[in-house]
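Here is the file model.txt (compact mmCIF, C-alpha atoms).
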```
# COMPACT_ATOMS: atom_id res chain seq x y z
CA PRO A 1 0.00 0.00 0.00
CA ALA A 2 1.06 3.56 -0.72
CA THR A 3 2.35 5.65 2.14
CA THR A 4 2.16 9.42 2.36
CA ALA A 5 4.33 12.05 3.94
CA GLN A 6 3.45 15.71 4.34
CA LYS A 7 5.97 18.54 3.96
CA LYS A 8 5.89 21.09 6.73
CA PRO A 9 6.43 24.79 6.07
CA HIS A 10 9.28 26.55 7.85
CA THR A 11 8.39 28.24 11.13
CA ASN A 12 9.37 31.89 11.66
CA GLN A 13 12.25 30.86 13.93
CA GLN A 14 13.52 28.33 11.39
CA GLN A 15 13.48 31.02 8.71
CA LYS A 16 15.47 33.39 10.93
CA ASP A 17 18.00 30.64 11.65
CA ARG A 18 18.39 29.87 7.95
CA PHE A 19 19.24 33.49 7.13
CA ALA A 20 21.29 34.35 10.21
CA GLU A 21 24.41 34.60 8.06
CA PHE A 22 22.85 37.51 6.16
CA SER A 23 22.35 39.61 9.29
CA GLN A 24 24.96 42.07 8.03
CA MET A 25 22.41 43.63 5.68
CA PRO A 26 22.88 47.37 6.40
CA SER A 27 19.94 48.98 8.21
CA HIS A 28 20.37 52.33 6.40
CA VAL A 29 19.65 50.72 3.02
CA SER A 30 15.91 50.58 2.30
CA GLN A 31 14.63 47.63 0.27
CA VAL A 32 11.85 47.91 -2.30
CA VAL A 33 10.65 44.82 -4.20
CA HIS A 34 8.46 45.11 -7.31
CA PHE A 35 6.48 42.15 -8.65
CA CYS A 36 5.61 42.19 -12.34
CA GLU A 37 5.03 40.02 -15.40
CA ARG A 38 8.24 39.23 -17.26
CA ALA A 39 6.83 40.66 -20.51
CA LYS A 40 6.18 43.98 -18.76
CA LYS A 41 9.38 44.20 -16.75
CA LYS A 42 11.15 46.63 -19.07
CA GLU A 43 8.19 48.99 -19.08
CA THR A 44 7.80 48.72 -15.31
CA PHE A 45 11.49 49.39 -14.78
CA ILE A 46 11.44 52.49 -17.00
CA ASN A 47 8.50 53.92 -15.06
CA VAL A 48 10.09 53.21 -11.67
CA PHE A 49 13.44 54.57 -12.78
CA ARG A 50 11.86 57.73 -14.14
CA LYS A 51 10.02 58.27 -10.85
CA ILE A 52 13.19 57.73 -8.79
CA ARG A 53 15.15 60.25 -10.83
CA SER A 54 12.36 62.84 -10.99
CA LEU A 55 12.06 62.89 -7.19
CA GLU A 56 15.76 63.70 -6.79
CA GLY A 57 15.75 67.15 -8.33
CA ARG A 58 18.71 68.42 -10.31
CA HIS A 59 21.45 66.54 -8.46
CA LYS A 60 21.31 62.84 -9.34
CA GLY A 61 22.76 60.23 -7.00
CA LEU A 62 24.94 57.38 -8.27
CA CYS A 63 22.92 54.37 -9.41
CA VAL A 64 23.96 50.85 -10.46
CA VAL A 65 21.52 48.66 -12.38
CA PHE A 66 22.39 44.94 -12.45
CA PHE A 67 21.62 42.56 -15.31
CA ASP A 68 22.18 38.85 -15.88
CA THR A 69 23.13 39.19 -19.54
CA ILE A 70 24.78 41.74 -21.82
CA LYS A 71 21.95 41.31 -24.33
CA THR A 72 19.31 42.44 -21.84
CA LEU A 73 21.57 45.24 -20.60
CA GLU A 74 21.99 46.64 -24.10
CA LYS A 75 18.25 46.48 -24.81
CA VAL A 76 17.40 48.37 -21.64
CA HIS A 77 20.20 50.89 -22.28
CA LYS A 78 18.71 51.66 -25.68
CA GLN A 79 15.22 51.90 -24.19
CA LEU A 80 16.41 54.34 -21.51
CA LEU A 81 17.89 56.62 -24.12
CA LEU A 82 14.73 56.45 -26.24
CA ALA A 83 12.56 57.19 -23.21
CA SER A 84 14.70 60.21 -22.40
CA ASN A 85 14.61 61.55 -25.94
CA ALA A 86 10.85 61.05 -26.12
CA GLY A 87 10.31 63.11 -22.97
CA SER A 88 9.59 66.80 -22.84
CA GLY A 89 11.30 69.50 -20.82
CA GLU A 90 14.73 69.78 -19.23
CA GLU A 91 13.74 67.76 -16.15
CA GLU A 92 12.78 64.74 -18.25
CA ALA A 93 15.95 64.97 -20.30
CA ALA A 94 18.04 65.10 -17.12
CA ILE A 95 16.71 61.74 -15.93
CA THR A 96 19.08 59.84 -18.17
CA ASN A 97 20.82 60.49 -21.46
CA LYS A 98 23.87 59.38 -23.38
CA HIS A 99 26.11 61.53 -21.19
CA THR A 100 24.89 60.33 -17.76
CA CYS A 101 24.05 56.67 -18.48
CA ALA A 102 26.72 54.13 -19.45
CA ALA A 103 27.09 50.39 -19.96
CA PHE A 104 29.72 48.36 -18.10
CA HIS A 105 30.28 44.77 -19.18
CA GLY A 106 32.90 42.26 -20.25
CA GLN A 107 32.67 42.90 -24.00
CA LEU A 108 34.01 46.42 -23.58
CA SER A 109 37.75 47.00 -23.81
CA GLN A 110 39.79 47.54 -20.67
CA ILE A 111 40.27 51.19 -21.62
CA GLN A 112 36.52 51.67 -22.08
CA ARG A 113 35.74 50.04 -18.73
CA GLU A 114 38.34 52.10 -16.90
CA LYS A 115 37.06 55.36 -18.40
CA THR A 116 33.43 54.49 -17.64
CA LEU A 117 34.31 53.60 -14.07
CA SER A 118 36.30 56.80 -13.65
CA ASP A 119 33.39 58.86 -15.01
CA PHE A 120 30.99 57.07 -12.68
CA ARG A 121 33.18 57.53 -9.62
CA GLY A 122 33.54 61.22 -10.45
CA GLY A 123 29.81 61.73 -11.03
CA LYS A 124 30.04 62.49 -14.75
CA VAL A 125 28.13 59.26 -15.31
CA THR A 126 25.37 58.82 -12.73
CA THR A 127 23.75 55.59 -13.94
CA LEU A 128 25.86 52.48 -14.53
CA LEU A 129 24.26 49.49 -16.26
CA ALA A 130 26.38 46.52 -15.27
CA THR A 131 26.67 42.76 -15.28
CA ASP A 132 27.79 40.97 -12.12
CA LEU A 133 30.91 39.60 -13.78
CA ALA A 134 32.13 43.02 -14.90
CA ALA A 135 31.28 44.72 -11.60
CA ARG A 136 32.96 42.11 -9.42
CA GLY A 137 35.48 43.61 -7.04
CA ILE A 138 34.45 47.21 -7.73
CA HIS A 139 34.01 49.30 -4.59
CA ILE A 140 32.68 52.83 -4.95
CA ASN A 141 31.44 55.09 -2.18
CA HIS A 142 28.19 57.06 -2.17
CA ILE A 143 26.14 54.82 -4.45
CA ARG A 144 22.59 55.89 -3.58
CA PHE A 145 20.65 53.38 -5.65
CA VAL A 146 21.13 49.73 -6.56
CA ILE A 147 18.55 48.27 -8.93
CA ASN A 148 18.23 44.55 -9.61
CA TYR A 149 16.65 44.51 -13.04
CA ASP A 150 17.26 40.77 -13.11
CA PHE A 151 16.89 39.06 -9.75
CA PRO A 152 20.14 37.21 -8.99
CA GLU A 153 20.52 33.44 -8.88
CA SER A 154 21.18 33.32 -5.14
CA LEU A 155 20.60 35.30 -1.97
CA HIS A 156 24.37 35.49 -1.49
CA GLN A 157 24.56 37.41 -4.76
CA TYR A 158 21.56 39.53 -3.77
CA VAL A 159 23.17 40.57 -0.48
CA HIS A 160 26.45 41.27 -2.27
CA ARG A 161 24.69 43.62 -4.69
CA CYS A 162 22.82 45.35 -1.87
CA GLY A 163 26.10 45.88 -0.05
CA ARG A 164 27.27 48.24 -2.78
CA ALA A 165 24.65 50.81 -1.80
CA GLY A 166 25.29 53.49 0.82
CA ARG A 167 29.00 52.92 1.31
CA THR A 168 30.89 55.87 2.77
CA LYS A 169 34.45 56.75 3.65
CA ILE A 170 35.81 55.61 7.00
CA THR A 171 36.20 59.25 8.06
CA GLU A 172 32.48 59.94 7.57
CA GLN A 173 30.48 59.55 10.76
CA LYS A 174 27.01 58.82 9.38
CA PRO A 175 26.26 56.34 6.56
CA GLN A 176 24.35 57.67 3.59
CA ASP A 177 20.74 56.58 3.22
CA ALA A 178 20.43 54.38 0.16
CA PHE A 179 17.84 52.31 -1.67
CA VAL A 180 17.69 48.92 -3.37
CA HIS A 181 14.94 48.28 -5.91
CA SER A 182 14.45 44.70 -7.14
CA PHE A 183 12.20 43.40 -9.89
CA PHE A 184 10.78 39.93 -9.31
CA THR A 185 8.73 37.77 -11.70
CA ARG A 186 6.99 34.42 -11.38
CA GLN A 187 9.73 32.89 -13.50
CA ASP A 188 12.24 33.67 -10.73
CA GLY A 189 10.53 30.94 -8.73
CA ALA A 190 8.37 30.45 -5.65
CA CYS A 191 11.30 29.16 -3.57
CA ALA A 192 13.35 32.26 -4.31
CA ALA A 193 10.35 34.44 -3.46
CA GLN A 194 9.85 32.73 -0.10
CA ASP A 195 13.53 33.07 0.76
CA LEU A 196 13.63 36.73 -0.25
CA VAL A 197 10.58 37.68 1.83
CA ALA A 198 11.94 35.76 4.83
CA LEU A 199 15.31 37.47 4.49
CA LEU A 200 13.84 40.97 4.28
CA HIS A 201 11.39 40.44 7.13
CA GLY A 202 14.23 39.21 9.32
CA GLY A 203 16.32 42.36 8.91
CA SER A 204 16.18 45.82 10.45
CA ALA A 205 16.05 47.89 7.25
CA ASP A 206 12.97 49.65 5.96
CA VAL A 207 11.22 47.23 3.59
CA GLN A 208 8.49 47.70 0.98
CA ILE A 209 7.32 44.49 -0.69
CA ASP A 210 4.77 44.46 -3.49
CA PRO A 211 1.50 42.98 -2.11
CA ASN A 212 1.27 40.82 -5.25
CA LEU A 213 4.58 39.19 -4.35
CA LEU A 214 3.36 38.51 -0.81
CA ALA A 215 0.22 36.90 -2.28
CA PHE A 216 2.41 34.81 -4.59
CA VAL A 217 4.47 33.65 -1.61
CA ALA A 218 1.39 32.90 0.50
CA ALA A 219 -0.11 30.80 -2.29
CA SER A 220 3.13 28.86 -2.78
CA VAL A 221 3.50 28.22 0.96
CA SER A 222 -0.09 27.01 1.15
CA THR A 223 0.49 24.65 -1.76
CA SER A 224 3.72 23.38 -0.20
CA ALA A 225 2.04 22.73 3.15
CA THR A 226 -0.64 20.52 1.59
CA ASP A 227 1.59 18.81 -0.95
CA VAL A 228 1.55 15.07 -0.54
CA ILE A 229 4.49 12.92 -1.59
CA THR A 230 3.30 9.49 -2.68
CA MET A 231 5.69 6.56 -2.42
CA SER A 232 4.48 3.32 -3.99
CA GLY A 233 6.47 0.36 -5.19
CA SER A 234 9.26 2.56 -6.54
CA ASP A 235 12.29 3.30 -4.40
CA HIS A 236 12.57 6.77 -5.95
CA PRO A 237 10.41 9.49 -4.39
CA SER A 238 9.22 12.45 -6.43
CA PRO A 239 11.94 15.08 -6.71
CA LYS A 240 11.58 18.15 -4.49
CA LYS A 241 12.67 21.63 -5.41
CA ARG A 242 15.48 23.09 -3.37
CA PRO A 243 15.48 26.75 -2.41
CA ARG A 244 17.96 28.91 -4.30
CA ILE A 245 20.33 30.07 -1.59
```
What does this structure look like when you write it as structure tokens?
Amino acid sequence: PATTAQKKPHTNQQQKDRFAEFSQMPSHVSQVVHFCERAKKKETFINVFRKIRSLEGRHKGLCVVFFDTIKTLEKVHKQLLLASNAGSGEEEAAITNKHTCAAFHGQLSQIQREKTLSDFRGGKVTTLLATDLAARGIHINHIRFVINYDFPESLHQYVHRCGRAGRTKITEQKPQDAFVHSFFTRQDGACAAQDLVALLHGGSADVQIDPNLLAFVAASVSTSATDVITMSGSDHPSPKKRPRI
């Protein structure tokens, strides 16, 4: 006869224990998570980015936007420039243009990367569109915004990206307030969503999570709690998804 076993959802304490190693998440960096359809992510990003920049006034803070692939980076870069050119008025044009927005990835020459990084560090370029591989090992102070256009493959990578925001010099007494905006889709996975929400709720930073993402997580947790694993004559149980950590 078949036997059944029921998977139990993690308790709040178990979740905190699982993410204890990420407790170094800086409290002065606010976290904002947007939930959207993958097909509408570019449009959603453009709207959010425009709003962020328009609220700053004339002086734009340094911003790094992370991408998984160079192809996506280049598409969004082009779209940002088109959106800027299509706008009206000096304020719209100041949001991003070919002089203040630059790409930073492995297909650029060393000279191009060094110049772009120098311009970004000096504030001539205020928005850097980067891949993880190209940005590895780069440490720049006073980055006000980090945007995860593509959600990273692991929470380790997520925390590493977040750690680039709000860095200040040792001589400065008070850390700079900074913000991390992340775009999450269903294709990023229910397990990753559960882990992300648990991580953010376990920290001390200001957090804003899209209600649609919370509903997505609640539905996935409910499904997981009632999922029944059936073991019959076979010695091989049904495979279970592992959380992306």
Inset, instruction - May I have the residues within 10 Å of stretch 174-176 of chain A as a PyMOL selection string, using all atoms listed in the file and disregarding those fewer than 4 positions away in the same chain? - result: chain A and resi 26-29+141-144+165-170
Legend entry - Shell of 7 Å around A:Val64, all atoms listed in the file, local chain residues under 6 positions omitted, as a PyMOL selection string: chain A and resi 127-130+145-147
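Between atom CA of A:Glu56 and atom CA of A:Arg161 there is a distance of 22.1 Å.
For the pair atom CA of A:Gln107 and atom CA of A:Phe183, the separation is 24.9 Å.
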Inset, instruction - Name all residues at most 12 Å from A:Glu43 (count all atoms listed in the file; drop same-chain ones fewer than 2 positions away) and give them as a list of chain:residue names. - result: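 Near A:Glu43, the qualifying residues are A:Cys36, A:Glu37, A:Arg38, A:Ala39, A:Lys40, A:Lys41, A:Phe45, A:Ile46, A:Asn47, A:Val48, A:Phe49, A:Arg50, A:Lys75, A:Val76, A:Gln79, A:Leu80, A:Ala83, A:Tyr149, A:Phe183.
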Legend entry - Polymer residues at most 12 Å from A:Gly137, only C-alpha atoms, same-chain spacing of 4 or more positions, as a list in words: Asp132, Leu133, His160, Arg161, Gly163 and Arg164 of chain A
Inset, instruction - Fewer than 4 positions away in the same chain doesn't count, so skip those; otherwise give me all residues within 7 Å of A:Lys124, counting only C-alpha atoms, as an NGL selection string. - result: :A and (100 or 119-120)
Inset, instruction - Record the distance separating atom CA of A:Asp150 and atom CA of A:Val125, expressed in Å with one decimal. - result: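 Computing the Euclidean distance for atom CA of A:Asp150 and atom CA of A:Val125 yields 21.6 Å.
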Inset, instruction - Identify which of the residues A:Gln194, A:Ser182, A:Thr131, A:Thr126 lies closest to A:Asp68, counting only C-alpha atoms when measuring atom-to-atom distances. - result: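 Once distances to A:Asp68 are computed over only C-alpha atoms, the minimum belongs to A:Thr131.
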